[in-house]
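In what follows, a structure is listed as structure tokens, so that the remarks can point back to it.
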Amino acid sequence: MGLIDRLDLLESFDCAIVVTDMVRYELERGGEGAPDKPALDRWFSKAGNRMQSIETTYGLMYQALPPDVQRRIRLTTDAGENSNREFSDHARHTLS
């Protein structure tokens, strides 16, 4: 949706928008040349309290790393996908 600049479609849902910390890091700190970066930057700045970022072990470990290591890891692993998996496993085991 970022590529077609239609992140406004997320506003049609009557609920909070939840992303894991690593997904948010990847979206916010994506490459400057990424075609959807301007749309994502605009949307995140307008989302306000509707956007909720869920802390994960992956995100906490990532924040503890030096910036040069963060860049290398982001390019070589599926950190966002792994944080989503961690969150969904936790939710599956704790929510009815």
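Within each chain, counting starts at residue 1; across the structure tokens, chains are named A, B, ... in the order shown, with ligands numbered 1 upward in that order.
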Would you return as a list of chain:residue names the members of chain A that DSSP assigns to strand (DSSP E) on this structure's backbone?
->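 Of chain A, only A:Ile17, A:Val18, A:Val19, A:Thr20, A:Met51, A:Gln52, A:Ser53, A:Ile54 fall in strand (DSSP E).
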Write a file of the just-selected residues containing all heavy atoms, as a PDB file, in the first residue's frame.
```pdb
ATOM      1  N   ILE A  17      -3.827   0.156  15.045  1.00  0.00           N
ATOM      2  CA  ILE A  17      -2.968  -0.527  14.082  1.00  0.00           C
ATOM      3  C   ILE A  17      -1.730  -0.962  14.843  1.00  0.00           C
ATOM      4  O   ILE A  17      -1.031  -0.144  15.444  1.00  0.00           O
ATOM      5  CB  ILE A  17      -2.624   0.400  12.915  1.00  0.00           C
ATOM      6  CG1 ILE A  17      -3.917   0.809  12.214  1.00  0.00           C
ATOM      7  CG2 ILE A  17      -1.645  -0.262  11.963  1.00  0.00           C
ATOM      8  CD1 ILE A  17      -3.812   2.033  11.373  1.00  0.00           C
ATOM      9  N   VAL A  18      -1.480  -2.266  14.867  1.00  0.00           N
ATOM     10  CA  VAL A  18      -0.409  -2.828  15.680  1.00  0.00           C
ATOM     11  C   VAL A  18       0.670  -3.404  14.768  1.00  0.00           C
ATOM     12  O   VAL A  18       0.371  -4.158  13.845  1.00  0.00           O
ATOM     13  CB  VAL A  18      -0.965  -3.945  16.599  1.00  0.00           C
ATOM     14  CG1 VAL A  18       0.127  -4.583  17.414  1.00  0.00           C
ATOM     15  CG2 VAL A  18      -2.068  -3.403  17.484  1.00  0.00           C
ATOM     16  N   VAL A  19       1.906  -3.013  15.039  1.00  0.00           N
ATOM     17  CA  VAL A  19       3.056  -3.598  14.349  1.00  0.00           C
ATOM     18  C   VAL A  19       4.095  -3.930  15.405  1.00  0.00           C
ATOM     19  O   VAL A  19       4.130  -3.315  16.473  1.00  0.00           O
ATOM     20  CB  VAL A  19       3.670  -2.648  13.287  1.00  0.00           C
ATOM     21  CG1 VAL A  19       2.708  -2.377  12.168  1.00  0.00           C
ATOM     22  CG2 VAL A  19       4.171  -1.372  13.900  1.00  0.00           C
ATOM     23  N   THR A  20       4.942  -4.888  15.116  1.00  0.00           N
ATOM     24  CA  THR A  20       6.024  -5.189  16.043  1.00  0.00           C
ATOM     25  C   THR A  20       7.112  -4.141  15.896  1.00  0.00           C
ATOM     26  O   THR A  20       7.220  -3.467  14.865  1.00  0.00           O
ATOM     27  CB  THR A  20       6.605  -6.590  15.793  1.00  0.00           C
ATOM     28  OG1 THR A  20       7.157  -6.639  14.483  1.00  0.00           O
ATOM     29  CG2 THR A  20       5.556  -7.670  15.981  1.00  0.00           C
ATOM     30  N   MET A  51      -1.303   4.110  15.960  1.00  0.00           N
ATOM     31  CA  MET A  51      -0.216   3.180  15.689  1.00  0.00           C
ATOM     32  C   MET A  51       0.363   2.698  17.010  1.00  0.00           C
ATOM     33  O   MET A  51       0.810   3.500  17.829  1.00  0.00           O
ATOM     34  CB  MET A  51       0.870   3.885  14.876  1.00  0.00           C
ATOM     35  CG  MET A  51       2.144   3.084  14.730  1.00  0.00           C
ATOM     36  SD  MET A  51       1.927   1.504  13.911  1.00  0.00           S
ATOM     37  CE  MET A  51       1.513   2.047  12.289  1.00  0.00           C
ATOM     38  N   GLN A  52       0.308   1.390  17.236  1.00  0.00           N
ATOM     39  CA  GLN A  52       0.877   0.812  18.442  1.00  0.00           C
ATOM     40  C   GLN A  52       1.996  -0.130  18.050  1.00  0.00           C
ATOM     41  O   GLN A  52       1.813  -1.010  17.208  1.00  0.00           O
ATOM     42  CB  GLN A  52      -0.190   0.057  19.229  1.00  0.00           C
ATOM     43  CG  GLN A  52      -1.289   0.954  19.748  1.00  0.00           C
ATOM     44  CD  GLN A  52      -2.353   0.173  20.488  1.00  0.00           C
ATOM     45  OE1 GLN A  52      -2.165  -0.975  20.866  1.00  0.00           O
ATOM     46  NE2 GLN A  52      -3.489   0.803  20.697  1.00  0.00           N
ATOM     47  N   SER A  53       3.131   0.069  18.646  1.00  0.00           N
ATOM     48  CA  SER A  53       4.293  -0.769  18.378  1.00  0.00           C
ATOM     49  C   SER A  53       4.464  -1.746  19.537  1.00  0.00           C
ATOM     50  O   SER A  53       4.531  -1.334  20.695  1.00  0.00           O
ATOM     51  CB  SER A  53       5.536   0.112  18.218  1.00  0.00           C
ATOM     52  OG  SER A  53       6.632  -0.660  17.837  1.00  0.00           O
ATOM     53  N   ILE A  54       4.507  -3.022  19.229  1.00  0.00           N
ATOM     54  CA  ILE A  54       4.625  -4.077  20.236  1.00  0.00           C
ATOM     55  C   ILE A  54       6.093  -4.431  20.412  1.00  0.00           C
ATOM     56  O   ILE A  54       6.779  -4.748  19.444  1.00  0.00           O
ATOM     57  CB  ILE A  54       3.841  -5.340  19.798  1.00  0.00           C
ATOM     58  CG1 ILE A  54       2.371  -5.016  19.552  1.00  0.00           C
ATOM     59  CG2 ILE A  54       4.013  -6.463  20.802  1.00  0.00           C
ATOM     60  CD1 ILE A  54       1.630  -4.522  20.753  1.00  0.00           C
TER      61      ILE A  54
END
```
Counting only C-alpha atoms, figure out which residue out of A:Phe13, A:Asp89, A:Tyr58, A:Asp21 gets nearest to A:Ile73.
->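 Nearest to A:Ile73: A:Tyr58.
Residues with any atom within 12 Å of stretch 33-38 of chain A, counting only C-alpha atoms and excluding same-chain neighbours fewer than 4 positions away, are Met1, Gly2, Leu3, Ile4, Asp5, Arg6, Leu7, Glu26, Leu27, Glu28, Arg29, Arg42, Trp43, Phe44 and Ser45 of chain A.
Look at A:Asp78: the protein and nucleic acid residues within 12 Å of it, using only C-alpha atoms and passing over chain neighbours fewer than 4 places away, are Met22, Val23, Glu26, Tyr58, Arg72, Ile73, Arg74, Asn82, Ser83, Asn84 and Arg85 of chain A.
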Determine which residues of chain A DSSP labels as helix (DSSP H, G or I) from the backbone of this structure, then write them out as an NGL selection string.
-> :A and (7-12 or 21-28 or 37-50 or 57-63 or 67-76 or 79-94)
Which residue gives the smallest distance to A:Thr77 among A:Thr94, A:Lys46, A:Tyr62, A:Ala39, with only C-alpha atoms counted?
->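 Of A:Thr94, A:Lys46, A:Tyr62, A:Ala39, the one nearest A:Thr77 is A:Tyr62, counting only C-alpha atoms.
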Of the residues A:Ala16, A:Gly30, A:Met61, A:Arg71, which is the one nearest to A:Asn49, using only C-alpha atoms?
->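 Ranked by minimum distance to A:Asn49, first place goes to A:Ala16.
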Of the candidates A:Glu55, A:Leu40, A:Tyr25, A:Arg50, which shows the shortest atom-to-atom distance to A:Phe87, using only C-alpha atoms?
->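 Of all the options, A:Glu55 lies closest to A:Phe87.
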Which of these, A:Gln70, A:Arg24, A:Glu86, A:Ser12, has the shortest distance to A:Thr57 once you count only C-alpha atoms?
->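 Of A:Gln70, A:Arg24, A:Glu86, A:Ser12, the one nearest A:Thr57 is A:Glu86, counting only C-alpha atoms.
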Grab the atom CA of A:Arg92 to atom CA of A:Ala47 distance for me, in Å with one decimal place.
-> 26.7 Å
